[in-house]
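Peer 1: Coordinates in run_20.txt, compact mmCIF, C-alpha atoms, are listed below.
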```txt
# COMPACT_ATOMS: atom_id res chain seq x y z
CA MET A 1362 -16.44 -28.72 -52.98
CA SER A 1363 -17.09 -25.44 -51.14
CA ILE A 1364 -20.11 -23.36 -52.12
CA TYR A 1365 -18.25 -20.13 -51.22
CA SER A 1366 -16.95 -17.91 -53.99
CA THR A 1367 -13.82 -16.92 -52.01
CA PRO A 1368 -11.21 -19.70 -51.77
CA PRO A 1369 -8.89 -20.01 -48.73
CA LEU A 1370 -5.67 -18.03 -48.99
CA THR A 1371 -2.51 -20.01 -49.81
CA PHE A 1372 0.65 -19.30 -47.81
CA GLY A 1373 3.30 -20.35 -50.29
CA ALA A 1374 4.52 -16.77 -50.84
CA VAL A 1375 4.71 -15.85 -47.15
CA HIS A 1376 8.18 -14.56 -46.16
CA THR A 1377 9.84 -16.05 -43.05
CA TYR A 1378 13.05 -15.37 -41.13
CA PRO A 1379 15.36 -17.40 -38.84
CA LEU A 1380 14.17 -17.73 -35.25
CA SER A 1381 17.70 -16.81 -34.09
CA SER A 1382 17.33 -13.33 -35.62
CA ARG A 1383 14.13 -12.50 -33.73
CA LYS A 1384 14.09 -10.47 -30.51
CA SER A 1385 12.07 -12.39 -27.89
CA LYS A 1386 10.57 -11.22 -24.62
CA VAL A 1387 11.28 -14.46 -22.72
CA SER A 1388 14.62 -16.25 -22.37
CA VAL A 1389 15.83 -19.28 -20.43
CA ARG A 1390 18.12 -16.84 -18.61
CA ASP A 1391 15.02 -15.51 -16.86
CA PHE A 1392 13.40 -18.85 -16.01
CA ALA A 1393 12.72 -20.08 -12.49
CA LYS A 1394 15.18 -22.49 -10.91
CA PRO A 1395 13.99 -25.35 -8.69
CA PRO A 1396 14.99 -24.55 -5.10
CA SER A 1397 17.02 -27.10 -3.19
CA LEU A 1398 15.74 -28.42 0.14
CA SER A 1399 18.56 -26.63 1.98
CA ALA A 1400 18.24 -23.34 0.10
CA SER A 1401 18.23 -20.12 2.11
CA PHE A 1402 15.35 -17.70 1.81
CA THR A 1403 17.32 -15.36 -0.44
CA LYS A 1404 18.36 -18.29 -2.62
CA PHE A 1405 14.69 -19.17 -2.94
CA LEU A 1406 13.90 -15.60 -3.98
CA ASP A 1407 16.78 -15.66 -6.45
CA SER A 1408 15.23 -18.78 -7.96
CA LEU A 1409 12.06 -16.94 -8.95
CA PRO A 1410 11.68 -16.24 -12.66
CA ASN A 1411 12.60 -12.75 -13.81
CA ILE A 1412 9.30 -12.52 -15.68
CA LEU A 1413 6.00 -10.67 -15.14
CA ALA A 1414 4.97 -10.34 -11.46
CA ALA A 1415 8.20 -11.85 -10.13
CA GLN A 1416 10.18 -9.35 -12.17
CA ASP A 1417 7.93 -6.55 -10.93
CA LEU A 1418 8.42 -7.62 -7.32
CA ARG A 1419 12.18 -7.70 -7.80
CA ASN A 1420 12.21 -4.23 -9.36
CA LEU A 1421 9.84 -2.79 -6.76
CA LEU A 1422 11.85 -4.06 -3.81
CA ALA A 1423 15.03 -2.73 -5.39
CA ALA A 1424 13.35 0.69 -5.59
CA ILE A 1425 12.36 0.47 -1.91
CA HIS A 1426 15.95 -0.33 -0.93
CA ARG A 1427 17.17 2.66 -2.97
CA ALA A 1428 14.64 4.93 -1.29
CA ARG A 1429 15.71 3.78 2.17
CA LYS A 1430 19.38 4.27 1.32
CA GLN A 1431 18.70 7.77 -0.04
CA HIS A 1432 16.39 8.67 2.88
CA ALA A 1433 13.46 9.16 0.50
CA PRO A 1434 9.98 8.57 1.99
CA ILE A 1435 8.43 5.11 1.91
CA LEU A 1436 4.72 5.67 2.49
CA TRP A 1437 2.21 2.89 3.17
CA GLY A 1438 -1.53 3.14 2.62
CA ILE A 1439 -3.44 0.40 4.45
CA GLY A 1440 -7.07 -0.65 4.56
CA GLY A 1441 -8.76 -2.42 7.44
CA HIS A 1442 -8.18 -5.90 6.03
CA VAL A 1443 -4.42 -5.54 6.47
CA ILE A 1444 -4.86 -5.10 10.22
CA LYS A 1445 -7.56 -7.67 10.82
CA VAL A 1446 -5.72 -10.52 9.09
CA GLY A 1447 -2.93 -10.10 11.61
CA LEU A 1448 -0.24 -8.12 9.78
CA GLY A 1449 0.28 -5.38 12.35
CA GLN A 1450 3.42 -6.95 13.78
CA ILE A 1451 4.88 -7.24 10.29
CA LEU A 1452 4.34 -3.53 9.67
CA ILE A 1453 5.74 -2.65 13.10
CA ASP A 1454 8.93 -4.60 12.37
CA LEU A 1455 9.28 -2.85 9.01
CA MET A 1456 9.00 0.49 10.86
CA ARG A 1457 11.88 -0.50 13.14
CA ARG A 1458 13.97 -1.48 10.14
CA GLY A 1459 13.46 1.90 8.46
CA PHE A 1460 11.13 0.78 5.68
CA VAL A 1461 8.12 2.89 6.79
CA SER A 1462 8.23 6.69 6.72
CA GLY A 1463 4.49 7.27 7.07
CA ILE A 1464 1.22 5.34 7.19
CA ALA A 1465 -2.14 6.40 5.76
CA MET A 1466 -5.12 4.50 7.20
CA ASN A 1467 -8.78 4.48 6.34
CA GLY A 1468 -11.32 4.47 9.17
CA ALA A 1469 -11.62 0.67 9.16
CA ALA A 1470 -7.90 0.26 9.82
CA LEU A 1471 -8.23 2.66 12.76
CA VAL A 1472 -11.12 0.64 14.22
CA HIS A 1473 -9.39 -2.73 13.89
CA ASP A 1474 -6.07 -1.50 15.27
CA PHE A 1475 -7.81 0.09 18.27
CA GLU A 1476 -9.82 -3.02 19.09
CA ILE A 1477 -6.75 -5.25 18.80
CA ALA A 1478 -4.78 -2.93 21.09
CA LEU A 1479 -7.54 -2.76 23.70
CA ALA A 1480 -9.04 -6.26 23.63
CA GLY A 1481 -6.78 -8.45 21.48
CA ASN A 1482 -9.59 -9.24 19.03
CA THR A 1483 -11.60 -7.53 16.29
CA SER A 1484 -13.86 -8.12 13.26
CA GLU A 1485 -17.40 -8.81 14.40
CA ASP A 1486 -19.96 -11.04 12.67
CA VAL A 1487 -21.92 -8.45 10.70
CA GLU A 1488 -24.84 -10.71 9.79
CA VAL A 1489 -25.44 -11.72 13.39
CA GLY A 1490 -25.30 -8.18 14.75
CA LEU A 1491 -27.16 -6.45 11.96
CA GLY A 1492 -30.43 -8.30 12.44
CA ALA A 1493 -30.68 -7.13 16.05
CA GLY A 1494 -29.47 -3.61 15.31
CA GLN A 1495 -26.27 -4.26 17.25
CA PHE A 1496 -23.73 -4.21 14.43
CA GLY A 1497 -20.99 -1.70 15.19
CA MET A 1498 -22.35 -0.80 18.62
CA ALA A 1499 -19.45 -1.88 20.86
CA ALA A 1500 -19.35 0.84 23.52
CA GLU A 1501 -15.59 1.21 23.91
CA THR A 1502 -14.97 1.40 20.16
CA GLY A 1503 -17.49 4.20 19.68
CA GLU A 1504 -16.56 6.14 22.80
CA TYR A 1505 -12.78 6.16 22.55
CA ILE A 1506 -12.29 6.43 18.79
CA ASN A 1507 -14.54 9.47 18.84
CA GLU A 1508 -12.52 10.80 21.78
CA PHE A 1509 -9.45 10.66 19.56
CA SER A 1510 -11.03 13.19 17.19
CA LYS A 1511 -12.00 15.48 20.07
CA LEU A 1512 -8.45 15.32 21.43
CA ALA A 1513 -7.16 16.16 17.96
CA ALA A 1514 -9.41 19.22 17.81
CA ARG A 1515 -8.33 20.42 21.28
CA LEU A 1516 -4.61 20.03 20.58
CA HIS A 1517 -4.74 21.07 16.89
CA ILE A 1518 -3.14 17.82 15.77
CA GLY A 1519 -4.25 15.15 13.31
CA TYR A 1520 -6.45 12.14 13.99
CA GLY A 1521 -3.62 9.61 13.74
CA GLU A 1522 -1.33 11.49 16.11
CA ALA A 1523 -4.18 11.98 18.59
CA ALA A 1524 -4.95 8.24 18.51
CA GLY A 1525 -1.33 7.39 19.29
CA GLN A 1526 -1.15 9.95 22.06
CA PHE A 1527 -4.38 8.76 23.69
CA LEU A 1528 -3.44 5.08 23.51
CA THR A 1529 -0.05 5.73 25.14
CA SER A 1530 -1.36 8.15 27.78
CA GLY A 1531 -2.25 5.54 30.38
CA ILE A 1532 -5.93 6.50 30.38
CA LEU A 1533 -6.82 3.07 29.04
CA ASN A 1534 -5.53 -0.33 30.04
CA VAL A 1535 -4.18 -1.23 26.60
CA LYS A 1536 -3.47 -4.92 27.07
CA HIS A 1537 -2.05 -5.60 23.60
CA ALA A 1538 -0.03 -2.45 22.92
CA ASP A 1539 2.73 -4.46 21.25
CA SER A 1540 0.30 -5.42 18.47
CA SER A 1541 -0.87 -1.88 17.72
CA VAL A 1542 0.45 -0.10 14.64
CA LEU A 1543 -0.88 3.20 16.00
CA ILE A 1544 1.08 2.85 19.23
CA ALA A 1545 4.30 1.68 17.59
CA ALA A 1546 4.17 4.49 15.03
CA TYR A 1547 3.53 7.12 17.71
CA LYS A 1548 6.45 5.91 19.82
CA GLN A 1549 8.76 5.95 16.79
CA ARG A 1550 7.39 9.28 15.55
CA VAL A 1551 6.28 7.75 12.27
CA PRO A 1552 3.37 9.94 11.05
CA VAL A 1553 0.00 8.20 10.81
CA THR A 1554 -2.80 9.91 8.92
CA ILE A 1555 -6.43 8.79 9.19
CA HIS A 1556 -8.67 9.42 6.19
CA LEU A 1557 -12.40 9.20 6.82
CA ALA A 1558 -15.52 9.14 4.72
CA ILE A 1559 -17.97 10.09 7.45
CA GLY A 1560 -20.72 7.51 7.68
CA THR A 1561 -18.62 4.58 6.50
CA ASP A 1562 -17.20 3.53 9.88
CA ILE A 1563 -18.94 2.18 12.97
CA PRO A 1564 -17.85 4.96 15.40
CA HIS A 1565 -19.87 7.44 13.33
CA MET A 1566 -23.09 5.76 14.51
CA HIS A 1567 -22.39 6.39 18.19
CA PRO A 1568 -23.72 9.17 20.44
CA ALA A 1569 -20.14 10.32 21.01
CA ALA A 1570 -19.58 11.10 17.31
CA ASP A 1571 -18.86 14.79 16.70
CA GLY A 1572 -18.99 15.77 13.03
CA PRO A 1573 -16.93 18.99 13.29
CA CYS A 1574 -14.21 17.24 15.29
CA LEU A 1575 -14.10 14.29 12.89
CA GLY A 1576 -13.92 16.61 9.90
CA ASP A 1577 -11.23 18.81 11.43
CA ALA A 1578 -9.11 15.84 12.50
CA THR A 1579 -9.21 14.03 9.16
CA PHE A 1580 -8.74 17.26 7.15
CA ARG A 1581 -5.63 18.07 9.17
CA ASP A 1582 -4.37 14.58 8.39
CA PHE A 1583 -5.05 15.09 4.69
CA ARG A 1584 -2.88 18.20 4.77
CA LEU A 1585 -0.17 16.27 6.61
CA PHE A 1586 -0.41 13.46 4.05
CA CYS A 1587 0.04 16.01 1.26
CA ALA A 1588 3.23 17.19 2.98
CA LEU A 1589 4.51 13.61 3.17
CA VAL A 1590 3.68 12.99 -0.50
CA LYS A 1591 5.50 16.19 -1.43
CA GLN A 1592 8.67 14.74 0.11
CA MET A 1593 8.46 11.76 -2.26
CA HIS A 1594 10.00 13.82 -5.07
CA PRO A 1595 12.36 12.40 -6.15
CA GLY A 1596 12.82 8.71 -5.39
CA GLY A 1597 9.96 8.14 -2.95
CA ILE A 1598 7.64 5.15 -2.67
CA TYR A 1599 3.88 4.79 -2.15
CA LEU A 1600 2.43 1.33 -1.46
CA ASN A 1601 -1.33 0.84 -1.35
CA TRP A 1602 -2.44 -2.26 0.54
CA GLY A 1603 -6.10 -3.19 0.50
CA SER A 1604 -7.90 0.12 0.04
CA ALA A 1605 -9.95 -0.10 -3.15
CA VAL A 1606 -11.49 3.37 -3.15
CA LEU A 1607 -10.72 5.83 -0.35
CA LEU A 1608 -6.94 5.88 -0.10
CA PRO A 1609 -6.34 5.78 -3.88
CA GLU A 1610 -8.57 8.84 -4.19
CA VAL A 1611 -6.75 10.58 -1.34
CA PHE A 1612 -3.35 9.80 -2.90
CA LEU A 1613 -4.39 11.16 -6.30
CA LYS A 1614 -5.60 14.43 -4.76
CA ALA A 1615 -2.35 14.75 -2.81
CA VAL A 1616 -0.37 14.27 -6.03
CA SER A 1617 -2.42 17.02 -7.69
CA VAL A 1618 -1.86 19.39 -4.75
CA VAL A 1619 1.90 18.76 -4.81
CA ARG A 1620 2.21 19.38 -8.55
CA ASN A 1621 -0.03 22.45 -8.28
CA LEU A 1622 2.49 23.85 -5.78
CA GLY A 1623 5.25 23.51 -8.36
CA VAL A 1624 6.85 20.18 -7.39
CA PRO A 1625 7.45 18.04 -10.53
CA PHE A 1626 6.80 14.82 -8.56
CA GLU A 1627 8.99 12.64 -10.73
CA ALA A 1628 11.15 9.54 -10.29
CA ILE A 1629 8.67 7.98 -7.87
CA THR A 1630 7.57 4.37 -7.48
CA THR A 1631 4.06 3.23 -6.62
CA ALA A 1632 2.45 -0.16 -6.16
CA ASN A 1633 -0.96 -1.62 -5.42
CA PHE A 1634 -1.17 -4.90 -3.51
CA ASP A 1635 -4.54 -6.64 -3.47
CA PHE A 1636 -6.16 -9.95 -4.35
CA ILE A 1637 -8.27 -8.12 -6.96
CA GLN A 1638 -6.93 -5.21 -9.00
CA HIS A 1639 -9.71 -2.62 -8.79
CA TYR A 1640 -10.20 0.39 -11.06
CA ARG A 1641 -9.25 3.20 -8.66
CA PRO A 1642 -6.00 1.72 -7.31
CA MET A 1643 -4.91 0.86 -10.84
CA GLN A 1644 -5.65 4.36 -12.12
CA ASN A 1645 -4.95 6.53 -9.09
CA VAL A 1646 -1.94 4.69 -7.67
CA VAL A 1647 -0.31 2.65 -10.41
CA ARG A 1648 -0.92 4.59 -13.63
CA ARG A 1649 -1.87 8.26 -13.34
CA PRO A 1650 0.74 9.48 -10.82
CA THR A 1651 3.56 7.70 -12.68
CA ALA A 1652 2.49 8.59 -16.24
CA SER A 1653 4.79 10.64 -18.44
CA HIS A 1654 3.78 14.26 -18.63
CA ARG A 1655 5.27 17.65 -19.53
CA GLY A 1656 5.07 17.15 -23.26
CA GLY A 1657 5.67 13.42 -23.16
CA ARG A 1658 9.06 13.56 -21.44
CA THR A 1659 9.69 10.50 -19.30
CA THR A 1660 9.54 11.00 -15.55
CA GLU A 1661 11.41 7.78 -14.69
CA SER A 1662 8.47 6.82 -12.50
CA ARG A 1663 7.12 3.29 -12.30
CA GLY A 1664 3.88 1.79 -11.05
CA TYR A 1665 3.31 -1.87 -10.22
CA ALA A 1666 0.27 -4.05 -9.54
CA ILE A 1667 1.03 -7.12 -7.42
CA THR A 1668 -1.95 -9.46 -7.07
CA GLY A 1669 -2.43 -11.79 -4.13
CA HIS A 1670 -3.65 -12.12 -0.56
CA HIS A 1671 -2.21 -9.70 1.97
CA GLU A 1672 -1.61 -12.43 4.53
CA LEU A 1673 0.78 -14.05 2.04
CA LEU A 1674 2.24 -11.06 0.20
CA MET A 1675 3.11 -8.76 3.09
CA PRO A 1676 5.15 -11.34 5.03
CA LEU A 1677 6.92 -12.23 1.77
CA VAL A 1678 7.70 -8.58 1.01
CA ALA A 1679 8.79 -7.91 4.59
CA ALA A 1680 11.07 -10.94 4.72
CA ALA A 1681 12.65 -10.02 1.39
CA LEU A 1682 13.28 -6.44 2.54
CA ALA A 1683 14.72 -7.61 5.86
CA ALA A 1684 17.04 -9.96 3.98
CA GLY A 1685 18.23 -7.17 1.70
CA TRP A 1686 16.83 -8.86 -1.40
CA PRO A 1687 17.46 -8.37 -4.27
CA LYS A 1688 21.19 -8.00 -3.72
CA THR A 1689 21.66 -6.69 -7.25
CA GLU A 1690 19.05 -5.25 -9.56
CA ARG A 1691 18.26 -7.58 -12.42
CA GLN A 1692 16.45 -5.70 -15.12
CA GLY A 1693 14.26 -8.12 -17.00
CA LYS A 1694 12.27 -7.81 -20.16
CA ARG A 1695 9.47 -5.26 -20.15
```
Could you write out this file's structure as structure tokens?

Peer 2:
Amino acid sequence: MSIYSTPPLTFGAVHTYPLSSRKSKVSVRDFAKPPSLSASFTKFLDSLPNILAAQDLRNLLAAIHRARKQHAPILWGIGGHVIKVGLGQILIDLMRRGFVSGIAMNGAALVHDFEIALAGNTSEDVEVGLGAGQFGMAAETGEYINEFSKLAARLHIGYGEAAGQFLTSGILNVKHADSSVLIAAYKQRVPVTIHLAIGTDIPHMHPAADGPCLGDATFRDFRLFCALVKQMHPGGIYLNWGSAVLLPEVFLKAVSVVRNLGVPFEAITTANFDFIQHYRPMQNVVRRPTASHRGGRTTESRGYAITGHHELLMPLVAAALAAGWPKTERQGKR
């Protein structure tokens, strides 16, 4: 016999209802279907469940197709990891297919893309170089990336445009131009903006670094990025790939500038792709820019967080877009 003064509650008087009368969030209609061995890629995608992340991916890609059809901007923000895991060619192909209207890079993406273009390799062993004081001290990287900013200052253009112009000028023997996002974007006149935090990237340690030129070049690119973000209203897309701090902060400030100038900035779609969902991308890309405002009225904006490794997710996204998937928008349970 229990020593407690309060006995357990009895459930005899609890009211129940038929399961068939309840609204459920999951149905067999939305379940995954086992793919056949001979299934096409689109059939495989169709077999994915229309639940959670698979549903989000389906809805996001449908929004990207709508934006492309309506000539609304599709902007990509990319961190250095995207370039150094070998996804440049994927992004270049998406440019050619009309799925990239502008690219925002952090300084690491600039470094990796330059080194790949020039030498065909990148990503040094930090631990090995740091002990000898040689980390980040590759001569060509420091000299030429800093020259980009000086060219930008002389011509009154942004850092990204100056990089593309320099790399296509013939001054350097760029052996792997076909793998460079900067070069492909410049040739196709897709704007590239470079967003620096001075002191975070290896070229800033070099004798060639010029603070005023770096600041002027990246500030001009911020203003250009704001102009691109302004064009997102309505129906535009912003995709953040692998920048956990810098680019989400830049995007949020651009959104604030655009709304301050009187643009409602509604009916947009944003997404963060990363293998860890960090605070700033979740707040500054996925949630805050797409939140209802103006007295609670809906803006028809949506933000998505897709978790996974870039080297798996970006080829999947690119292949789905190239295949025109999804053919029809299936709106699942939310």

Peer 1: For the interface of range 1387-1485 of chain A with range 1527-1532 of chain A (cut-off 10 Å, counting all atoms listed in the file), please tabulate each contacting residue of range 1387-1485 of chain A alongside its nearest pair of atoms and their separation in Å to one decimal, rows sorted by chain and increasing number, as a tab-separated table.

Peer 2:
```
residue	atom	partner	partner_atom	distance
A:Phe1475	CA	A:Leu1528	CA	8.5
A:Ala1478	CA	A:Leu1528	CA	8.5
A:Leu1479	CA	A:Leu1528	CA	8.8
```

Peer 1: Show me as a PyMOL selection string the residues that reach within 9 Å of (-12.7, 17.3, 13.8), counting only C-alpha atoms and using the file's own coordinates.

Peer 2: chain A and resi 1510-1514+1519-1520+1571-1581

Peer 1: Kindly give the distance, in Å, that separates CA of Ser1388 in chain A and CA of Ala1415 in chain A, rounded to a single decimal.

Peer 2: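 Atom-to-atom, CA of Ser1388 in chain A to CA of Ala1415 in chain A, that is 14.5 Å.
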
Peer 1: Show me, as a PyMOL selection string, the residues that have an atom within 12 Å of Ser1617 in chain A when counting all atoms listed in the file, minus same-chain residues fewer than 3 positions from it.

Peer 2: chain A and resi 1587+1590-1591+1610-1614+1620-1626+1645+1649-1650

Peer 1: Counting all atoms listed in the file, what are the residues of range 1407-1432 of chain A within 12 Å of range 1657-1681 of chain A, and for each of them which pair of atoms is the nearest and at what distance in Å, to one decimal? Sort the table by chain and rising number, as a Markdown table.

Peer 2:
```
| residue | atom | partner | partner_atom | distance |
| --- | --- | --- | --- | --- |
| A:Asp1407 | CA | A:Ala1681 | CA | 10.5 |
| A:Leu1413 | CA | A:Ile1667 | CA | 9.8 |
| A:Ala1414 | CA | A:Ile1667 | CA | 6.5 |
| A:Ala1415 | CA | A:Ile1667 | CA | 9.0 |
| A:Gln1416 | CA | A:Tyr1665 | CA | 10.3 |
| A:Asp1417 | CA | A:Tyr1665 | CA | 6.6 |
| A:Leu1418 | CA | A:Ile1667 | CA | 7.4 |
| A:Arg1419 | CA | A:Ala1681 | CA | 9.5 |
| A:Asn1420 | CA | A:Tyr1665 | CA | 9.2 |
| A:Leu1421 | CA | A:Tyr1665 | CA | 7.4 |
| A:Leu1422 | CA | A:Val1678 | CA | 7.8 |
| A:Ala1423 | CA | A:Ala1681 | CA | 10.2 |
| A:Ala1424 | CA | A:Arg1663 | CA | 9.5 |
| A:Ile1425 | CA | A:Val1678 | CA | 10.6 |
| A:His1426 | CA | A:Ala1681 | CA | 10.5 |
```

Peer 1: Between A:Val1647, A:Leu1452, A:His1565, A:Pro1552, which has the minimum distance to Gly1503 in chain A (counting only C-alpha atoms)?

Peer 2: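 The answer is A:His1565, which sits nearest to Gly1503 in chain A.
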
Peer 1: Just how far from CA of Met1466 in chain A is CA of Val1553 in chain A, in Å to one decimal?

Peer 2: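 Computed distance, CA of Val1553 in chain A to CA of Met1466 in chain A, equals 7.3 Å.
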
Peer 1: Compare A:Asp1635, A:Asp1454, A:Asp1582, A:Asp1474 by their minimum atom-to-atom distance to Gln1549 in chain A, counting all atoms listed in the file, and give me the closest one.

Peer 2: A:Asp1454

Peer 1: What separation in Å, quoted to one decimal, exists between CA of Arg1648 in chain A and CA of Ala1628 in chain A?

Peer 2: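 Pair CA of Arg1648 in chain A / CA of Ala1628 in chain A returns 13.5 Å.
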
Peer 1: Which residues are near Asp1539 in chain A? Cut-off 8 Å, all atoms listed in the file, ignore same chain within fewer than 5 positions. Put them as a VMD selection string.

Peer 2: chain A and resid 1450 1478 1544 to 1545

Peer 1: Listing only residues of range 1450-1569 of chain A within 12 Å of range 1597-1602 of chain A, what is the closest atom pair and its distance in Å (to one decimal) for each, using only C-alpha atoms, sorted by chain and residue number ascending, as a tab-separated table?

Peer 2:
```
residue	atom	partner	partner_atom	distance
A:Leu1452	CA	A:Trp1602	CA	11.4
A:Phe1460	CA	A:Ile1598	CA	10.0
A:Val1461	CA	A:Ile1598	CA	9.7
A:Ser1462	CA	A:Ile1598	CA	9.5
A:Gly1463	CA	A:Tyr1599	CA	9.6
A:Ile1464	CA	A:Leu1600	CA	9.6
A:Ala1465	CA	A:Asn1601	CA	9.1
A:Met1466	CA	A:Trp1602	CA	9.9
A:Asn1467	CA	A:Trp1602	CA	10.9
A:Ala1470	CA	A:Trp1602	CA	11.1
```

Peer 1: Nearest residue to Val1646 in chain A out of A:Leu1682, A:Ile1444, A:Ala1499, A:Leu1608, using only C-alpha atoms?

Peer 2: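 Closest to Val1646 in chain A, using only C-alpha atoms: A:Leu1608.
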
Peer 1: Is it possible to add N, CA, C and O atoms to range 1549-1566 of chain A and hand it back as a PDB file, in the frame of the given file?

Peer 2:
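This went into result-v4.pdb:
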```pdb
ATOM      1  N   GLN A1549       7.611   5.757  17.689  1.00  0.00           N
ATOM      2  CA  GLN A1549       8.760   5.950  16.790  1.00  0.00           C
ATOM      3  C   GLN A1549       8.659   7.234  15.971  1.00  0.00           C
ATOM      4  O   GLN A1549       9.499   7.500  15.124  1.00  0.00           O
ATOM      5  N   ARG A1550       7.618   8.014  16.252  1.00  0.00           N
ATOM      6  CA  ARG A1550       7.390   9.280  15.550  1.00  0.00           C
ATOM      7  C   ARG A1550       7.247   9.094  14.037  1.00  0.00           C
ATOM      8  O   ARG A1550       7.688   9.928  13.242  1.00  0.00           O
ATOM      9  N   VAL A1551       6.659   7.990  13.663  1.00  0.00           N
ATOM     10  CA  VAL A1551       6.280   7.750  12.270  1.00  0.00           C
ATOM     11  C   VAL A1551       4.880   8.334  12.073  1.00  0.00           C
ATOM     12  O   VAL A1551       3.942   7.886  12.740  1.00  0.00           O
ATOM     13  N   PRO A1552       4.698   9.323  11.205  1.00  0.00           N
ATOM     14  CA  PRO A1552       3.370   9.940  11.050  1.00  0.00           C
ATOM     15  C   PRO A1552       2.323   8.938  10.575  1.00  0.00           C
ATOM     16  O   PRO A1552       2.566   8.167   9.646  1.00  0.00           O
ATOM     17  N   VAL A1553       1.168   8.963  11.237  1.00  0.00           N
ATOM     18  CA  VAL A1553       0.000   8.200  10.810  1.00  0.00           C
ATOM     19  C   VAL A1553      -1.107   9.183  10.486  1.00  0.00           C
ATOM     20  O   VAL A1553      -1.426  10.055  11.302  1.00  0.00           O
ATOM     21  N   THR A1554      -1.676   9.058   9.309  1.00  0.00           N
ATOM     22  CA  THR A1554      -2.800   9.910   8.920  1.00  0.00           C
ATOM     23  C   THR A1554      -4.037   9.031   8.741  1.00  0.00           C
ATOM     24  O   THR A1554      -3.957   7.954   8.161  1.00  0.00           O
ATOM     25  N   ILE A1555      -5.159   9.516   9.270  1.00  0.00           N
ATOM     26  CA  ILE A1555      -6.430   8.790   9.190  1.00  0.00           C
ATOM     27  C   ILE A1555      -7.342   9.524   8.220  1.00  0.00           C
ATOM     28  O   ILE A1555      -7.586  10.727   8.382  1.00  0.00           O
ATOM     29  N   HIS A1556      -7.853   8.808   7.243  1.00  0.00           N
ATOM     30  CA  HIS A1556      -8.670   9.420   6.190  1.00  0.00           C
ATOM     31  C   HIS A1556     -10.071   8.823   6.228  1.00  0.00           C
ATOM     32  O   HIS A1556     -10.270   7.646   5.936  1.00  0.00           O
ATOM     33  N   LEU A1557     -11.032   9.654   6.609  1.00  0.00           N
ATOM     34  CA  LEU A1557     -12.400   9.200   6.820  1.00  0.00           C
ATOM     35  C   LEU A1557     -13.316   9.574   5.667  1.00  0.00           C
ATOM     36  O   LEU A1557     -13.140  10.620   5.033  1.00  0.00           O
ATOM     37  N   ALA A1558     -14.304   8.753   5.435  1.00  0.00           N
ATOM     38  CA  ALA A1558     -15.520   9.140   4.720  1.00  0.00           C
ATOM     39  C   ALA A1558     -16.618   9.004   5.764  1.00  0.00           C
ATOM     40  O   ALA A1558     -16.994   7.885   6.137  1.00  0.00           O
ATOM     41  N   ILE A1559     -17.072  10.124   6.289  1.00  0.00           N
ATOM     42  CA  ILE A1559     -17.970  10.090   7.450  1.00  0.00           C
ATOM     43  C   ILE A1559     -19.257   9.350   7.088  1.00  0.00           C
ATOM     44  O   ILE A1559     -19.917   9.656   6.101  1.00  0.00           O
ATOM     45  N   GLY A1560     -19.582   8.383   7.924  1.00  0.00           N
ATOM     46  CA  GLY A1560     -20.720   7.510   7.680  1.00  0.00           C
ATOM     47  C   GLY A1560     -20.337   6.121   7.248  1.00  0.00           C
ATOM     48  O   GLY A1560     -21.178   5.220   7.222  1.00  0.00           O
ATOM     49  N   THR A1561     -19.057   5.905   6.954  1.00  0.00           N
ATOM     50  CA  THR A1561     -18.620   4.580   6.500  1.00  0.00           C
ATOM     51  C   THR A1561     -18.102   3.712   7.636  1.00  0.00           C
ATOM     52  O   THR A1561     -17.924   2.502   7.448  1.00  0.00           O
ATOM     53  N   ASP A1562     -17.831   4.279   8.800  1.00  0.00           N
ATOM     54  CA  ASP A1562     -17.200   3.530   9.880  1.00  0.00           C
ATOM     55  C   ASP A1562     -18.097   3.480  11.103  1.00  0.00           C
ATOM     56  O   ASP A1562     -18.853   4.416  11.380  1.00  0.00           O
ATOM     57  N   ILE A1563     -17.998   2.398  11.878  1.00  0.00           N
ATOM     58  CA  ILE A1563     -18.940   2.180  12.970  1.00  0.00           C
ATOM     59  C   ILE A1563     -18.918   3.264  14.049  1.00  0.00           C
ATOM     60  O   ILE A1563     -19.968   3.537  14.632  1.00  0.00           O
ATOM     61  N   PRO A1564     -17.790   3.927  14.361  1.00  0.00           N
ATOM     62  CA  PRO A1564     -17.850   4.960  15.400  1.00  0.00           C
ATOM     63  C   PRO A1564     -18.758   6.135  15.038  1.00  0.00           C
ATOM     64  O   PRO A1564     -19.212   6.861  15.928  1.00  0.00           O
ATOM     65  N   HIS A1565     -19.035   6.314  13.754  1.00  0.00           N
ATOM     66  CA  HIS A1565     -19.870   7.440  13.330  1.00  0.00           C
ATOM     67  C   HIS A1565     -21.334   7.246  13.714  1.00  0.00           C
ATOM     68  O   HIS A1565     -22.118   8.192  13.641  1.00  0.00           O
ATOM     69  N   MET A1566     -21.710   6.036  14.117  1.00  0.00           N
ATOM     70  CA  MET A1566     -23.090   5.760  14.510  1.00  0.00           C
ATOM     71  C   MET A1566     -23.328   6.012  15.997  1.00  0.00           C
ATOM     72  O   MET A1566     -24.459   5.915  16.469  1.00  0.00           O
TER      73      MET A1566
END
```
